[in-house]
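Text of upload-v3.cif, listed as mmCIF, C-alpha atoms:
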data_query
loop_
_atom_site.label_atom_id
_atom_site.label_comp_id
_atom_site.auth_asym_id
_atom_site.auth_seq_id
_atom_site.Cartn_x
_atom_site.Cartn_y
_atom_site.Cartn_z
CA MET J 190 0.00 0.00 0.00
CA VAL J 191 1.22 3.48 -0.86
CA THR J 192 1.90 5.79 2.07
CA PRO J 193 1.86 9.59 2.19
CA GLN J 194 5.63 9.41 2.73
CA ASP J 195 6.03 7.46 -0.53
CA ILE J 196 4.21 10.18 -2.45
CA GLU J 197 6.22 12.92 -0.73
CA LYS J 198 9.43 11.16 -1.74
CA TRP J 199 8.31 10.63 -5.35
CA ILE J 200 7.24 14.26 -5.81
CA ALA J 201 10.30 15.70 -4.05
CA SER J 202 12.64 13.60 -6.18
CA GLY J 203 11.00 14.82 -9.40
CA LEU J 204 10.59 18.46 -8.37
CA ARG J 205 14.00 19.22 -6.91
CA ASP J 206 14.12 21.70 -4.02
CA SER J 207 10.36 21.49 -3.51
CA GLU J 208 8.63 21.33 -0.13
CA VAL J 209 6.06 18.54 -0.08
CA ALA J 210 3.58 17.49 2.61
CA VAL J 211 1.10 14.68 1.92
CA THR J 212 -1.68 13.25 4.05
CA GLY J 213 -3.99 10.39 3.23
CA ASP J 214 -5.53 7.03 4.00
CA GLY J 215 -3.78 4.79 1.49
CA ARG J 216 -6.11 5.49 -1.44
CA HIS J 217 -7.08 9.16 -1.18
CA PHE J 218 -4.35 11.72 -0.64
CA GLU J 219 -3.93 15.47 -0.31
CA ALA J 220 -0.63 17.16 -1.17
CA ARG J 221 0.68 20.65 -0.46
CA ILE J 222 3.57 21.41 -2.78
CA VAL J 223 5.74 24.53 -2.74
CA TYR J 224 8.05 24.74 -5.75
CA ALA J 225 9.82 27.64 -7.45
CA GLY J 226 9.27 25.96 -10.82
CA PHE J 227 5.54 26.68 -10.54
CA ALA J 228 6.17 30.40 -11.13
CA GLY J 229 4.31 31.65 -14.17
CA LYS J 230 2.40 28.37 -14.57
CA SER J 231 -1.37 27.99 -14.47
CA LEU J 232 -3.02 25.69 -11.94
CA VAL J 233 -3.55 23.07 -14.66
CA GLN J 234 0.09 23.27 -15.75
CA ARG J 235 1.24 22.87 -12.15
CA HIS J 236 -0.91 19.78 -11.68
CA GLN J 237 0.34 18.37 -14.98
CA MET J 238 3.92 18.80 -13.74
CA VAL J 239 3.13 16.75 -10.63
CA TYR J 240 1.24 14.10 -12.63
CA GLN J 241 4.22 13.81 -14.97
CA VAL J 242 6.53 13.20 -12.00
CA LEU J 243 4.20 10.51 -10.61
CA GLY J 244 3.71 8.87 -14.01
CA ASP J 245 2.15 5.41 -13.89
CA LYS J 246 1.81 5.59 -10.12
CA MET J 247 -1.28 7.76 -10.68
CA ARG J 248 -2.98 4.90 -12.52
CA GLU J 249 -1.64 1.97 -10.57
CA ASP J 250 -0.99 3.03 -6.97
CA ILE J 251 -2.80 6.28 -6.21
CA HIS J 252 -6.58 6.30 -6.44
CA ALA J 253 -7.06 10.04 -5.85
CA LEU J 254 -4.71 12.96 -5.25
CA SER J 255 -5.86 16.45 -4.37
CA MET J 256 -3.19 19.13 -4.72
CA LYS J 257 -2.53 22.63 -3.48
CA THR J 258 0.41 24.10 -5.37
CA PHE J 259 2.30 27.27 -4.53
CA THR J 260 5.47 29.18 -5.15
CA ARG J 261 7.27 30.55 -2.08
CA ASP J 262 6.00 34.06 -2.94
CA GLU J 263 2.37 32.87 -2.90
CA LEU J 264 2.49 31.72 0.72
#
Would you give me this structure, written as structure tokens?
Amino acid sequence: MVTPQDIEKWIASGLRDSEVAVTGDGRHFEARIVYAGFAGKSLVQRHQMVYQVLGDKMREDIHALSMKTFTRDEL
């Protein structure tokens, strides 16, 4: 079973220098991601960046992922 810590590790490894916090019950997760690379990107583009990092895990391991994405300046 996938843990919130697994998802944190996967996102952080794909979005270098990001701050990631994930909570969840093993199937449904919520992530808060702070990443400088989100600057100038729309909400959809930001989510696409995270989905790209997670790749097949979104289809195979993670049933649902809700995201809040920010740059440091947006906090």
Interface rows for region 193-251 of chain J against region 255-261 of chain J: nearest pair, Å to one decimal, 10 Å, all atoms listed in the file, as a Markdown table:
| residue | atom | partner | partner_atom | distance |
| --- | --- | --- | --- | --- |
| J:Ser207 | CA | J:Thr260 | CA | 9.3 |
| J:Glu208 | CA | J:Arg261 | CA | 9.5 |
| J:Val209 | CA | J:Thr258 | CA | 9.5 |
| J:Val211 | CA | J:Met256 | CA | 9.1 |
| J:Thr212 | CA | J:Ser255 | CA | 9.9 |
| J:Gly213 | CA | J:Ser255 | CA | 9.9 |
| J:His217 | CA | J:Ser255 | CA | 8.1 |
| J:Phe218 | CA | J:Ser255 | CA | 6.2 |
| J:Glu219 | CA | J:Ser255 | CA | 4.6 |
| J:Ala220 | CA | J:Met256 | CA | 4.8 |
| J:Arg221 | CA | J:Lys257 | CA | 4.8 |
| J:Ile222 | CA | J:Thr258 | CA | 4.9 |
| J:Val223 | CA | J:Phe259 | CA | 4.7 |
| J:Tyr224 | CA | J:Thr260 | CA | 5.2 |
| J:Ala225 | CA | J:Thr260 | CA | 5.2 |
| J:Gly226 | CA | J:Thr260 | CA | 7.5 |
| J:Phe227 | CA | J:Thr260 | CA | 5.9 |
| J:Ala228 | CA | J:Thr260 | CA | 6.1 |
| J:Gly229 | CA | J:Thr260 | CA | 9.4 |
| J:Lys230 | CA | J:Thr260 | CA | 9.9 |
| J:Leu232 | CA | J:Thr258 | CA | 7.6 |
| J:Arg235 | CA | J:Thr258 | CA | 6.9 |
| J:His236 | CA | J:Met256 | CA | 7.4 |
| J:Val239 | CA | J:Met256 | CA | 9.0 |
- Task: Counting all atoms listed in the file, select every polymer residue within 10 Å of (4.5, 12.4, -11.2) as defined in the file's coordinates, and provide the selection as a PyMOL selection string.
- Result: chain J and resi 196+199-204+236-247
- Message: Under the rule that all atoms listed in the file are counted, which of J:Asp262, J:Glu249, J:Pro193, J:Gln234 is the nearest residue to Asp214 (chain J)?
- Response: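 When distances to Asp214 (chain J) are compared using all atoms listed in the file, the smallest one comes from J:Pro193.
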- Task: Have a look at J:Gly215, J:Asp206, J:Glu263, J:Val233 and name the one nearest to Asp250 (chain J); count all atoms listed in the file.
- Result: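 Closest candidate: J:Gly215.
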Around all listed atoms of region 245-259 of chain J, padded 6 Å per side, what centre and edge lengths does the axis-aligned box have in Å to one decimal, as AutoDock Vina command-line options?
--center_x -2.4 --center_y 14.6 --center_z -8.7 --size_x 21.4 --size_y 37.3 --size_z 22.4
